[in-house]
Each structure stands twice: as C-alpha cells, then as structure tokens.
file entry.csv (CSV, C-alpha atoms and all ligand atoms)
chain,number,residue,atom,x,y,z
E,1,MET,CA,-39.2,35.9,59.4
E,2,ALA,CA,-42.9,36.0,60.4
E,3,ARG,CA,-43.7,35.7,64.1
E,4,ARG,CA,-45.2,32.4,65.0
E,5,ALA,CA,-48.5,31.9,66.9
E,6,LEU,CA,-50.1,28.7,68.2
E,7,ILE,CA,-53.8,28.9,68.8
E,8,THR,CA,-55.2,26.0,70.8
E,9,GLY,CA,-59.0,25.6,70.2
E,10,GLY,CA,-58.5,27.5,66.9
E,11,ALA,CA,-61.2,25.5,65.2
E,12,GLY,CA,-63.8,26.7,67.8
E,13,PHE,CA,-65.9,29.8,68.1
E,14,ILE,CA,-63.6,32.4,69.7
E,15,GLY,CA,-60.4,30.6,68.7
E,16,SER,CA,-61.2,30.8,65.0
E,17,HIS,CA,-61.7,34.6,65.3
E,18,VAL,CA,-58.3,34.8,67.2
E,19,ALA,CA,-56.5,32.6,64.5
E,20,GLY,CA,-58.0,34.8,61.8
E,21,ARG,CA,-56.8,38.0,63.5
E,22,PHE,CA,-53.2,36.8,63.8
E,23,ALA,CA,-53.2,35.5,60.2
E,24,ALA,CA,-54.5,38.8,59.0
E,25,ASN,CA,-51.6,40.5,60.8
E,26,GLY,CA,-49.0,38.5,59.0
E,27,TYR,CA,-48.3,35.8,61.7
E,28,ASP,CA,-47.4,32.3,60.8
E,29,VAL,CA,-50.4,30.6,62.5
E,30,THR,CA,-50.6,27.0,63.8
E,31,VAL,CA,-53.9,25.6,65.2
E,32,LEU,CA,-54.2,22.7,67.6
E,33,ASP,CA,-57.7,21.3,68.2
E,34,ASN,CA,-59.2,17.9,68.9
E,35,LEU,CA,-62.4,18.9,67.0
E,36,SER,CA,-64.6,17.8,69.9
E,37,SER,CA,-66.7,20.9,69.3
E,38,GLY,CA,-64.6,22.8,66.8
E,39,LYS,CA,-64.8,22.4,63.0
E,40,ARG,CA,-61.9,22.0,60.6
E,41,GLU,CA,-63.5,24.4,58.1
E,42,GLN,CA,-63.4,27.2,60.7
E,43,VAL,CA,-59.6,27.1,60.8
E,44,PRO,CA,-58.4,30.1,58.6
E,45,ALA,CA,-56.9,29.2,55.2
E,46,GLY,CA,-53.2,29.2,55.4
E,47,ALA,CA,-53.0,28.1,59.0
E,48,THR,CA,-51.2,24.8,59.8
E,49,PHE,CA,-53.6,22.4,61.5
E,50,HIS,CA,-52.8,19.7,64.1
E,51,HIS,CA,-55.6,17.4,65.1
E,52,LEU,CA,-54.4,16.8,68.7
E,53,ASP,CA,-55.7,16.7,72.2
E,54,ILE,CA,-54.1,19.2,74.7
E,55,THR,CA,-53.6,16.4,77.2
E,56,SER,CA,-51.5,14.3,74.8
E,57,PRO,CA,-47.7,14.0,74.6
E,58,ASP,CA,-47.9,15.0,70.9
E,59,ALA,CA,-49.4,18.3,71.9
E,60,ALA,CA,-46.6,18.8,74.4
E,61,ALA,CA,-44.0,18.0,71.7
E,62,LEU,CA,-45.6,20.5,69.3
E,63,VAL,CA,-45.4,23.3,72.0
E,64,ARG,CA,-41.8,22.3,73.1
E,65,ASP,CA,-40.4,22.2,69.6
E,66,GLY,CA,-42.6,24.8,67.8
E,67,ARG,CA,-40.6,28.0,68.5
E,68,PHE,CA,-43.8,29.9,69.0
E,69,ASP,CA,-43.6,33.6,69.9
E,70,VAL,CA,-47.1,33.4,71.3
E,71,ILE,CA,-49.5,30.7,72.4
E,72,CYS,CA,-53.2,31.7,72.7
E,73,HIS,CA,-54.7,28.8,74.7
E,74,LEU,CA,-58.4,28.6,74.1
E,75,ALA,CA,-59.0,24.8,73.9
E,76,ALA,CA,-61.2,23.9,76.8
E,77,GLN,CA,-64.3,22.1,78.1
E,78,ILE,CA,-66.5,25.2,78.0
E,79,ASP,CA,-69.9,24.0,79.3
E,80,VAL,CA,-70.5,25.1,83.0
E,81,ARG,CA,-73.3,22.5,83.4
E,82,LYS,CA,-71.1,19.7,82.1
E,83,SER,CA,-68.5,20.7,84.7
E,84,VAL,CA,-71.1,20.3,87.4
E,85,ALA,CA,-72.1,16.9,86.0
E,86,ASP,CA,-68.5,15.7,85.6
E,87,PRO,CA,-66.0,17.9,87.5
E,88,ALA,CA,-63.1,15.4,86.9
E,89,PHE,CA,-63.5,15.5,83.1
E,90,ASP,CA,-63.6,19.3,83.3
E,91,ALA,CA,-60.4,19.4,85.5
E,92,LYS,CA,-58.6,16.9,83.2
E,93,THR,CA,-59.1,19.1,80.2
E,94,ASN,CA,-59.0,22.6,81.8
E,95,ILE,CA,-56.4,22.1,84.5
E,96,VAL,CA,-54.3,19.0,83.5
E,97,GLY,CA,-54.4,19.8,79.8
E,98,THR,CA,-53.2,23.3,80.4
E,99,LEU,CA,-50.4,22.1,82.7
E,100,ASN,CA,-49.3,19.8,79.9
E,101,LEU,CA,-48.8,22.9,77.7
E,102,LEU,CA,-47.2,25.0,80.4
E,103,GLU,CA,-44.7,22.3,81.2
E,104,ALA,CA,-43.9,22.1,77.5
E,105,VAL,CA,-43.3,25.8,77.4
E,106,ARG,CA,-41.0,25.5,80.4
E,107,ALA,CA,-39.1,22.6,78.8
E,108,SER,CA,-38.7,24.6,75.5
E,109,GLY,CA,-36.7,27.3,77.2
E,110,ALA,CA,-38.2,29.7,74.6
E,111,ARG,CA,-39.5,33.2,75.4
E,112,THR,CA,-43.1,32.4,74.5
E,113,ARG,CA,-46.0,34.6,75.7
E,114,PHE,CA,-48.7,32.3,76.9
E,115,ILE,CA,-52.2,33.9,76.8
E,116,PHE,CA,-54.8,31.9,78.7
E,117,SER,CA,-58.6,32.3,78.0
E,118,SER,CA,-60.0,32.7,81.5
E,119,THR,CA,-63.4,33.9,82.5
E,120,GLY,CA,-64.7,37.0,84.1
E,121,GLY,CA,-68.3,35.6,84.1
E,122,ALA,CA,-67.5,32.6,86.3
E,123,ILE,CA,-64.8,33.5,88.8
E,124,TYR,CA,-66.1,36.5,90.7
E,125,GLY,CA,-69.5,35.3,91.9
E,126,ASP,CA,-72.0,37.7,93.6
E,127,LEU,CA,-69.6,39.1,96.3
E,128,VAL,CA,-69.2,42.6,94.8
E,129,GLU,CA,-71.4,45.0,92.8
E,130,PRO,CA,-70.7,44.9,89.1
E,131,PRO,CA,-68.7,46.1,87.2
E,132,THR,CA,-66.1,43.9,88.9
E,133,SER,CA,-62.4,44.8,88.8
E,134,GLU,CA,-59.6,42.2,88.4
E,135,THR,CA,-58.6,42.5,92.1
E,136,ALA,CA,-62.1,41.8,93.4
E,137,PRO,CA,-62.4,38.7,95.7
E,138,LYS,CA,-63.0,35.5,93.7
E,139,ASP,CA,-65.9,33.2,94.4
E,140,PRO,CA,-66.3,30.7,91.6
E,141,GLN,CA,-69.6,29.0,91.7
E,142,SER,CA,-68.8,25.9,89.5
E,143,PRO,CA,-66.1,23.4,88.8
E,144,TYR,CA,-65.5,25.3,85.5
E,145,GLY,CA,-64.8,28.6,87.2
E,146,THR,CA,-62.7,26.9,89.9
E,147,ALA,CA,-60.6,25.2,87.2
E,148,LYS,CA,-60.1,28.5,85.3
E,149,LEU,CA,-59.0,30.3,88.5
E,150,SER,CA,-56.7,27.4,89.4
E,151,VAL,CA,-54.9,27.7,86.1
E,152,GLU,CA,-54.4,31.4,86.8
E,153,TYR,CA,-52.7,30.5,90.1
E,154,TYR,CA,-50.5,27.8,88.3
E,155,MET,CA,-49.5,30.5,85.8
E,156,GLY,CA,-48.5,32.7,88.7
E,157,TYR,CA,-46.2,29.9,89.9
E,158,TYR,CA,-44.7,29.3,86.4
E,159,ALA,CA,-44.1,33.1,86.0
E,160,ARG,CA,-42.4,33.5,89.4
E,161,ILE,CA,-40.4,30.3,89.6
E,162,HIS,CA,-39.7,29.5,86.0
E,163,GLY,CA,-39.9,33.0,84.4
E,164,LEU,CA,-42.7,32.2,82.0
E,165,ASP,CA,-44.4,35.1,80.3
E,166,THR,CA,-48.1,34.4,81.1
E,167,VAL,CA,-51.3,36.5,80.6
E,168,ALA,CA,-54.9,35.7,81.6
E,169,LEU,CA,-57.7,37.3,79.7
E,170,ARG,CA,-60.9,37.1,81.7
E,171,TYR,CA,-63.7,37.2,79.1
E,172,SER,CA,-67.3,38.2,80.1
E,173,ASN,CA,-70.0,36.6,77.9
E,174,VAL,CA,-68.7,36.3,74.4
E,175,TYR,CA,-71.1,36.2,71.4
E,176,GLY,CA,-70.8,36.4,67.7
E,177,PRO,CA,-70.8,34.4,64.4
E,178,ARG,CA,-69.9,30.7,64.9
E,179,GLN,CA,-70.9,30.6,68.6
E,180,ASP,CA,-72.7,27.5,69.9
E,181,PRO,CA,-75.5,27.4,72.6
E,182,HIS,CA,-73.3,25.8,75.3
E,183,GLY,CA,-70.9,28.7,76.0
E,184,GLU,CA,-71.3,31.5,78.5
E,185,ALA,CA,-73.3,33.6,76.2
E,186,GLY,CA,-75.3,30.7,74.8
E,187,VAL,CA,-78.5,32.6,75.1
E,188,VAL,CA,-77.7,34.6,72.0
E,189,ALA,CA,-77.3,31.5,69.9
E,190,ILE,CA,-80.5,30.0,71.4
E,191,PHE,CA,-82.6,33.1,70.8
E,192,CYS,CA,-81.3,33.4,67.2
E,193,GLY,CA,-82.4,29.8,66.5
E,194,ARG,CA,-85.8,30.5,68.1
E,195,LEU,CA,-86.3,33.6,66.0
E,196,LEU,CA,-85.5,31.7,62.8
E,197,ASP,CA,-88.0,29.1,63.8
E,198,GLY,CA,-90.6,31.8,64.7
E,199,ALA,CA,-90.8,30.2,68.1
E,200,PRO,CA,-91.2,32.1,71.5
E,201,LEU,CA,-88.1,33.3,73.4
E,202,THR,CA,-88.1,31.7,76.8
E,203,VAL,CA,-86.8,34.0,79.6
E,204,PHE,CA,-86.2,32.4,83.1
E,205,GLY,CA,-87.6,34.3,86.0
E,206,ASP,CA,-88.4,38.0,85.5
E,207,GLY,CA,-85.7,38.5,82.9
E,208,ARG,CA,-83.9,41.1,84.9
E,209,GLN,CA,-80.7,39.1,85.4
E,210,THR,CA,-77.8,40.9,83.7
E,211,ARG,CA,-74.7,39.8,81.7
E,212,ASP,CA,-71.9,41.7,80.0
E,213,TYR,CA,-72.0,40.7,76.3
E,214,VAL,CA,-68.7,41.2,74.3
E,215,TYR,CA,-68.3,40.6,70.6
E,216,ALA,CA,-66.0,37.8,69.5
E,217,GLY,CA,-64.1,40.1,67.0
E,218,ASP,CA,-63.3,42.4,69.9
E,219,VAL,CA,-62.0,39.5,72.0
E,220,ALA,CA,-59.8,38.4,69.1
E,221,ARG,CA,-58.3,41.9,69.0
E,222,ALA,CA,-57.7,41.7,72.8
E,223,ASN,CA,-55.6,38.5,72.2
E,224,PHE,CA,-53.6,40.2,69.5
E,225,LEU,CA,-52.8,43.3,71.7
E,226,ALA,CA,-52.0,41.1,74.6
E,227,ALA,CA,-49.4,39.3,72.4
E,228,THR,CA,-47.6,42.4,71.4
E,229,VAL,CA,-47.7,44.8,74.3
E,230,ASP,CA,-44.7,45.2,76.8
E,231,LEU,CA,-45.7,44.1,80.3
E,232,PRO,CA,-44.0,44.4,83.6
E,233,PRO,CA,-43.0,41.1,85.5
E,234,ALA,CA,-45.9,39.2,87.1
E,235,THR,CA,-46.5,39.9,90.8
E,236,GLY,CA,-49.3,37.9,92.1
E,237,VAL,CA,-52.3,36.2,90.4
E,238,ASP,CA,-54.1,39.4,89.3
E,239,SER,CA,-51.1,41.3,88.0
E,240,ARG,CA,-51.1,39.7,84.5
E,241,ALA,CA,-55.0,39.3,84.4
E,242,PHE,CA,-57.2,41.6,82.2
E,243,ASN,CA,-61.0,41.7,82.1
E,244,ILE,CA,-62.3,41.7,78.6
E,245,GLY,CA,-65.9,42.8,78.4
E,246,THR,CA,-67.8,46.0,77.9
E,247,GLY,CA,-68.5,47.0,81.5
E,248,ILE,CA,-72.2,47.3,80.5
E,249,GLU,CA,-74.9,45.2,82.2
E,250,THR,CA,-77.6,44.1,79.8
E,251,ASP,CA,-80.6,42.2,81.1
E,252,VAL,CA,-82.1,39.2,79.3
E,253,LEU,CA,-85.4,41.0,78.4
E,254,THR,CA,-83.4,43.9,76.7
E,255,LEU,CA,-81.3,41.3,74.9
E,256,ALA,CA,-84.4,39.5,73.6
E,257,ASN,CA,-86.0,42.8,72.5
E,258,MET,CA,-82.8,43.9,70.7
E,259,LEU,CA,-82.6,40.5,68.9
E,260,ARG,CA,-86.3,40.8,67.9
E,261,LYS,CA,-85.6,44.2,66.5
E,262,VAL,CA,-82.5,43.3,64.4
E,263,SER,CA,-84.1,40.1,63.1
E,264,GLY,CA,-87.5,41.7,62.3
E,265,GLY,CA,-88.9,38.5,63.9
E,266,GLU,CA,-92.3,38.2,65.5
E,267,SER,CA,-91.4,35.8,68.3
E,268,ALA,CA,-93.2,36.4,71.7
E,269,VAL,CA,-91.3,36.4,75.0
E,270,THR,CA,-92.5,33.8,77.5
E,271,HIS,CA,-91.4,33.4,81.1
E,272,ALA,CA,-90.3,30.1,82.8
E,273,PRO,CA,-89.6,29.7,86.5
E,274,PRO,CA,-86.2,31.1,87.7
E,275,ARG,CA,-83.2,28.7,87.5
E,276,PRO,CA,-82.0,27.9,91.0
E,277,GLY,CA,-78.5,29.2,91.7
E,278,GLU,CA,-78.3,31.5,88.7
E,279,GLN,CA,-76.1,34.5,89.2
E,280,LEU,CA,-78.3,37.7,89.1
E,281,ARG,CA,-75.8,40.3,87.9
E,282,SER,CA,-72.5,40.2,86.0
E,283,ALA,CA,-70.3,42.8,84.3
E,284,VAL,CA,-66.6,43.4,84.3
E,285,ALA,CA,-64.6,46.6,84.7
E,286,ILE,CA,-62.3,47.1,81.7
E,287,ASP,CA,-60.2,50.1,82.7
E,288,LYS,CA,-57.1,48.0,83.1
E,289,ALA,CA,-57.3,46.5,79.6
E,290,ALA,CA,-57.8,50.0,78.2
E,291,ARG,CA,-54.9,51.4,80.2
E,292,VAL,CA,-52.3,48.6,79.7
E,293,LEU,CA,-53.3,46.8,76.5
E,294,GLY,CA,-54.8,49.8,74.7
E,295,TRP,CA,-57.9,47.7,74.2
E,296,ARG,CA,-61.6,48.8,74.2
E,297,PRO,CA,-64.6,47.1,72.7
E,298,GLU,CA,-65.5,48.6,69.3
E,299,VAL,CA,-68.6,46.8,68.3
E,300,THR,CA,-71.9,47.9,70.0
E,301,LEU,CA,-74.3,45.2,71.2
E,302,GLU,CA,-76.8,46.1,68.5
E,303,GLN,CA,-74.2,45.9,65.7
E,304,GLY,CA,-72.9,42.7,67.0
E,305,LEU,CA,-76.3,41.1,67.5
E,306,ARG,CA,-77.2,42.1,63.9
E,307,GLU,CA,-74.0,40.4,62.6
E,308,THR,CA,-74.6,37.3,64.7
E,309,TYR,CA,-78.3,36.9,63.7
E,310,GLN,CA,-77.3,37.4,60.0
E,311,TRP,CA,-74.7,34.6,60.3
E,312,PHE,CA,-77.2,32.2,61.9
E,313,ALA,CA,-79.8,33.1,59.1
E,314,ALA,CA,-77.2,32.4,56.4
E,315,GLN,CA,-76.3,29.1,58.0
E,316,ARG,CA,-80.0,28.1,58.0
E,317,GLU,CA,-80.3,29.1,54.3
E,318,GLU,CA,-77.2,27.1,53.4
E,319,ALA,CA,-78.5,24.0,55.3
E,320,GLY,CA,-81.9,24.3,53.6
E,321,ALA,CA,-80.4,24.9,50.1
E,401,LIG,N1,-67.9,31.8,75.1
E,401,LIG,C1,-67.7,32.5,76.2
E,401,LIG,O1,-68.6,33.3,76.5
E,401,LIG,C2,-66.5,32.4,77.0
E,401,LIG,C3,-66.4,33.2,78.2
E,401,LIG,C4,-65.3,33.1,79.0
E,401,LIG,C5,-64.2,32.2,78.6
E,401,LIG,N2,-64.3,31.5,77.5
E,401,LIG,C6,-63.2,30.6,77.1
E,401,LIG,O2,-62.8,30.9,75.8
E,401,LIG,C7,-62.3,29.6,75.2
E,401,LIG,C8,-63.0,29.3,73.9
E,401,LIG,O3,-64.3,29.1,74.1
E,401,LIG,P1,-65.4,29.0,72.9
E,401,LIG,O4,-66.7,29.6,73.5
E,401,LIG,O5,-64.8,29.5,71.7
E,401,LIG,O6,-65.7,27.4,72.9
E,401,LIG,P2,-65.5,26.3,71.7
E,401,LIG,O7,-66.1,25.0,72.2
E,401,LIG,O8,-66.1,26.8,70.4
E,401,LIG,O9,-64.0,26.3,71.6
E,401,LIG,C9,-63.2,25.3,72.3
E,401,LIG,C10,-62.3,24.6,71.3
E,401,LIG,O10,-61.4,23.7,72.0
E,401,LIG,C11,-61.4,22.5,71.3
E,401,LIG,N3,-61.1,21.5,72.4
E,401,LIG,C12,-61.9,21.1,73.5
E,401,LIG,N4,-61.3,20.2,74.2
E,401,LIG,C13,-60.0,20.1,73.6
E,401,LIG,C14,-58.9,19.2,74.0
E,401,LIG,N5,-58.9,18.4,75.1
E,401,LIG,N6,-57.8,19.3,73.2
E,401,LIG,C15,-57.8,20.1,72.1
E,401,LIG,N7,-58.9,20.9,71.7
E,401,LIG,C16,-59.9,20.8,72.5
E,401,LIG,C17,-62.8,22.3,70.8
E,401,LIG,O11,-62.9,21.4,69.7
E,401,LIG,C18,-63.1,23.7,70.3
E,401,LIG,O12,-62.7,23.9,69.0
E,401,LIG,C19,-62.5,28.6,76.3
E,401,LIG,O13,-61.3,28.4,77.0
E,401,LIG,C20,-63.6,29.1,77.2
E,401,LIG,O14,-63.5,28.6,78.5
E,401,LIG,C21,-65.4,31.5,76.7

call {"tool": "encode", "arguments": {"input": "entry.csv", "output": "structure tokens"}}
result
Amino acid sequence: MARRALITGGAGFIGSHVAGRFAANGYDVTVLDNLSSGKREQVPAGATFHHLDITSPDAAALVRDGRFDVICHLAAQIDVRKSVADPAFDAKTNIVGTLNLLEAVRASGARTRFIFSSTGGAIYGDLVEPPTSETAPKDPQSPYGTAKLSVEYYMGYYARIHGLDTVALRYSNVYGPRQDPHGEAGVVAIFCGRLLDGAPLTVFGDGRQTRDYVYAGDVARANFLAATVDLPPATGVDSRAFNIGTGIETDVLTLANMLRKVSGGESAVTHAPPRPGEQLRSAVAIDKAARVLGWRPEVTLEQGLRETYQWFAAQREEAGA
C-alpha cells in the first residue's frame, strides 16, 4: 500500500512544491488548506483536497483518523508585518492551529512523522555572524518568529512526553515559481513584477543587506528526505531542527543585478531610505542537513531566478491573453 502524506498549506507556494514531490514519489497525498492565500489549481492532480482551517475540529478529525505516515505542516500566517500588526491572529494560526494538529496526532496513537515548516530567517536575529548554526542563540525579532520558535518548543514537549516523531525545518528565504510578495523572500516576486512592468527596482538603504535565497524545489526535496530518513530520539529543541538554505549571503544589489541579467530587462535600480529595524545580514549553516538528511541545495541562484522570472512572465502572458 502507498505511504500516506498530509500536506497542510499544500495549495500555497512551498506546500504545492512539497505535495508535488511526494506525489511524484508514489505517495498517496492529501492536502488541507483554507485557501486564504493558496489556490485550488496549485494542488497537484491526483491529491485529495480538503478545504479546511487548521484551527478547526474537522482538521483535527482528519489528522486523527487519516493514518498518515507523514504530515508536512506548512499552513501558516506567513506575513511578518501582519504578525506585527496583529500578533494575536498570528498566534491563533501559527501556534494554536499547530497545537490543534499536534494534539490530533497524539490522540491518533499513530507513528506519524510531523515535519514543521519553521524559519531560519526570523528566529536567530543579529546575535551571531552568519552562517548561523541550529544551536546558535535565538532572538526572534517579530511575533511571527516568536510563534515559530514557540511551536518548536511545543514539539520538544510532544516528543519527550508523548513520544511524537517531530522535525523542524528552518527555511531561509524561499523563492521560486508560485511565490507571492508577502513571504520572507518576497523581494524576488516584487522585482520580477517590476521588471515585467519596465519599472525601477527599489532598494532600501545601500542595498548591502544580505539574505540566503533557497529554491522552492530544493525545499520540497528537504521535506521528502526528512520524511524518510531514520533519526535518533529528540533531545532538546535543536536536536530535530535542520536549517534549510544555501549558507550563501547574497545582498539585494547583487540579487537585483542577477534578475536584470536573467530577464534581459532594462529597469534601473533606485534607492529609498533604509527600513528601520531591518536585519542586516542573514544566512544559515547547512552542514547538519547535509550530514543527517543527505540534503544539499542543487539549484544555483542564477538558475532558480531564471526559472522564477520565466514563470512570472508566463503568468503575465496568460493574464493578458
Ligand atoms: N516563503 C519563505 O521564504 C518562508 C521562509 C521560512 C518559512 N516559511 C514557512 O513555509 C510555510 C509555507 O509558506 P509559503 O511561503 O508557501 O506561504 P503561502 O501563503 O503560499 O502558503 C501558506 C498556505 O497555508 C494556507 N493557510 C493559511 N492559513 C491557514 C489556516 N488557518 N488553515 C489552513 N490553511 C491555511 C494558505 O491558504 C496557503 O496555501 C509557512 O509555514 C511559512 O511560515 C516560508
């Protein structure tokens, strides 16, 4: 019998890549999504779709009775600024919604691996020099980062006290086809739109702030490997956590220039005042994912940006046709 995977948020940007990866590997895939930002047409053909909210009793029932071998939990409120404007809404979705699912896994008594989409971009802060390893001190700068880290601590509790099989994947800044401008690598989507409009690319401050851009297809493969690899029992919050990025810092000016190159666009780069509180440098160390999961990113930034730009261009053509 095929192994069963539940992908929450599987109608969204990264989740749809994850669902596609499990389906391509012969899994019986179920997607749960409230379509608040996801799209039904992004769910891979052949997957069973449930239009549900992760905070609902029906979502809990699906998890409890679904006999899933693996749950990749990606459904979330993903907008850092929205978490600042409404921390309670962020916590309701990202903490309470996740607890609803974890409690359902506990009640099911099944041996389900629960893979949580955490963040490497929003929990480490500026305390240590990048690339940051999993055991570095945590200093989340937003309600979003605080909620993600809280869930990791809850998972530590569920693993220790109830024997749940939990994993946290801490993504850096994920970009690729189907991304929207509100995620942690939103700048790629914004620049692609500006290039297609022939409009200038706005860079805040001097453009030397760095991020670690990882391609969505590589992130999907990390979820797949995390579902299948043997792992020792959890001991503390970082033991089952893996950074998923490239370890490479890319500054915004370099990103803008690379996108101009792959698009052949003529857009100028303009500077706007720096944004207060913006983190200056960010990149995650990925040795642990390589060693334990056998995962490394395979898509270079230039390749990935080309794919992403071409996807946005095709969308634009379709909309205009
Ligand atoms: N994009 C990044 O750079 C990045 C970085 C680190 C972590 N992450 C995490 O990866 C995951 C996926 O993010 P994404 O960028 O694909 O965003 P996304 O908005 O495309 O995906 C989130 C999906 O969850 C669904 N959803 C939202 N609230 C829900 C709810 N209450 N119940 C059911 N479904 C709900 C949305 O409709 C959407 O399909 C999130 O957990 C996010 O925090 C993303």

call {"tool": "residues_around", "arguments": {"input": "entry.csv", "residues": "E:Phe312", "least_positions_apart": "4", "cutoff": "9 Å", "atoms": "only C-alpha atoms", "output": "PDB file with C-alpha atoms, in the coordinates of the input"}}
result
ATOM      1  CA  PRO E 177     -70.800  34.400  64.400  1.00  0.00           C
ATOM      2  CA  ARG E 178     -69.900  30.700  64.900  1.00  0.00           C
ATOM      3  CA  ALA E 189     -77.300  31.500  69.900  1.00  0.00           C
ATOM      4  CA  CYS E 192     -81.300  33.400  67.200  1.00  0.00           C
ATOM      5  CA  GLY E 193     -82.400  29.800  66.500  1.00  0.00           C
ATOM      6  CA  LEU E 196     -85.500  31.700  62.800  1.00  0.00           C
ATOM      7  CA  GLU E 307     -74.000  40.400  62.600  1.00  0.00           C
ATOM      8  CA  THR E 308     -74.600  37.300  64.700  1.00  0.00           C
ATOM      9  CA  ARG E 316     -80.000  28.100  58.000  1.00  0.00           C
ATOM     10  CA  GLU E 317     -80.300  29.100  54.300  1.00  0.00           C
TER      11      GLU E 317
END

call {"tool": "residues_near_ligand", "arguments": {"input": "entry.csv", "ligand": "ligand LIG 401 (chain E)", "cutoff": "6 Å", "atoms": "all atoms listed in the file", "output": "number ranges by chain"}}
result
E: 9-15, 33-38, 52-54, 74-78, 93, 117-119, 171-174, 183-185

call {"tool": "atom_distance", "arguments": {"input": "entry.csv", "atom1": "atom CA of E:Ala220", "atom2": "atom CA of E:Ala19"}}
result
8.1 Å

call {"tool": "closest_residue", "arguments": {"input": "entry.csv", "among": "E:Val80, E:Val96, E:Ala122, E:Val262", "to": "E:Leu305", "atoms": "all atoms listed in the file"}}
result
E:Val262

call {"tool": "atom_distance", "arguments": {"input": "entry.csv", "atom1": "atom CA of E:Thr166", "atom2": "atom CA of E:Val299"}}
result
27.2 Å

call {"tool": "closest_residue", "arguments": {"input": "entry.csv", "among": "E:Lys82, E:Ile7, E:Leu101, E:Asp126", "to": "E:Asp58", "atoms": "all atoms listed in the file"}}
result
E:Leu101

call {"tool": "closest_residue", "arguments": {"input": "entry.csv", "among": "E:Gly163, E:Pro87, E:Pro274, E:Gly156", "to": "E:Phe116", "atoms": "only C-alpha atoms"}}
result
E:Gly156

call {"tool": "closest_residue", "arguments": {"input": "entry.csv", "among": "E:Val188, E:Leu164, E:Val43, E:Ala110", "to": "E:Arg240", "atoms": "all atoms listed in the file"}}
result
E:Leu164

call {"tool": "closest_residue", "arguments": {"input": "entry.csv", "among": "E:Leu259, E:Ala91, E:Ala60, E:Ala23", "to": "E:Arg306", "atoms": "only C-alpha atoms"}}
result
E:Leu259

call {"tool": "closest_residue", "arguments": {"input": "entry.csv", "among": "E:Met1, E:Asn94, E:Thr270, E:Met258", "to": "E:Gly304", "atoms": "only C-alpha atoms"}}
result
E:Met258

call {"tool": "atom_distance", "arguments": {"input": "entry.csv", "atom1": "atom CA of E:Val105", "atom2": "atom CA of E:Ala227"}}
result
15.6 Å

call {"tool": "residues_around", "arguments": {"input": "entry.csv", "residues": "E:Gly20", "least_positions_apart": "4", "cutoff": "12 Å", "atoms": "all atoms listed in the file", "output": "PyMOL selection string"}}
result
chain E and resi 5-7+10-16+24-31+42-47+216-217+219-221+223-224

call {"tool": "residues_near_point", "arguments": {"input": "entry.csv", "point": "(-71.2, 41.0, 90.0)", "cutoff": "12 Å", "atoms": "all atoms listed in the file", "output": "PyMOL selection string"}}
result
chain E and resi 120-134+136-140+172+209-212+247-249+278-285

call {"tool": "residues_around", "arguments": {"input": "entry.csv", "residues": "E:Ser83", "least_positions_apart": "6", "cutoff": "6 Å", "atoms": "all atoms listed in the file", "output": "PyMOL selection string"}}
result
chain E and resi 90+143-144

call {"tool": "build_atoms", "arguments": {"input": "entry.csv", "residues": "stretch 44-60 of chain E", "atoms": "N, CA and C atoms", "output": "tab-separated table (two decimals), keeping the file's coordinate frame"}}
result
chain	number	residue	atom	x	y	z
E	44	PRO	N	-58.65	29.21	59.76
E	44	PRO	CA	-58.40	30.10	58.60
E	44	PRO	C	-57.49	29.44	57.57
E	45	ALA	N	-57.76	29.75	56.30
E	45	ALA	CA	-56.90	29.20	55.20
E	45	ALA	C	-55.50	29.70	55.45
E	46	GLY	N	-54.57	28.83	55.19
E	46	GLY	CA	-53.20	29.20	55.40
E	46	GLY	C	-52.59	28.80	56.70
E	47	ALA	N	-53.46	28.51	57.68
E	47	ALA	CA	-53.00	28.10	59.00
E	47	ALA	C	-52.60	26.59	58.91
E	48	THR	N	-51.56	26.20	59.66
E	48	THR	CA	-51.20	24.80	59.80
E	48	THR	C	-52.11	24.16	60.83
E	49	PHE	N	-52.70	23.01	60.54
E	49	PHE	CA	-53.60	22.40	61.50
E	49	PHE	C	-53.10	21.11	62.07
E	50	HIS	N	-53.19	20.95	63.40
E	50	HIS	CA	-52.80	19.70	64.10
E	50	HIS	C	-54.04	19.17	64.81
E	51	HIS	N	-54.50	17.99	64.42
E	51	HIS	CA	-55.60	17.40	65.10
E	51	HIS	C	-55.12	16.62	66.34
E	52	LEU	N	-55.05	17.36	67.45
E	52	LEU	CA	-54.40	16.80	68.70
E	52	LEU	C	-55.26	17.20	69.90
E	53	ASP	N	-55.10	16.40	70.96
E	53	ASP	CA	-55.70	16.70	72.20
E	53	ASP	C	-54.68	17.42	73.12
E	54	ILE	N	-55.10	18.47	73.85
E	54	ILE	CA	-54.10	19.20	74.70
E	54	ILE	C	-53.52	18.38	75.80
E	55	THR	N	-54.17	17.27	76.13
E	55	THR	CA	-53.60	16.40	77.20
E	55	THR	C	-52.57	15.44	76.68
E	56	SER	N	-52.32	15.40	75.38
E	56	SER	CA	-51.50	14.30	74.80
E	56	SER	C	-49.99	14.72	74.79
E	57	PRO	N	-49.11	13.70	74.78
E	57	PRO	CA	-47.70	14.00	74.60
E	57	PRO	C	-47.36	14.64	73.29
E	58	ASP	N	-48.13	14.34	72.23
E	58	ASP	CA	-47.90	15.00	70.90
E	58	ASP	C	-48.13	16.48	70.99
E	59	ALA	N	-49.16	16.90	71.76
E	59	ALA	CA	-49.40	18.30	71.90
E	59	ALA	C	-48.25	18.98	72.65
E	60	ALA	N	-47.75	18.31	73.68
E	60	ALA	CA	-46.60	18.80	74.40
E	60	ALA	C	-45.38	18.97	73.51
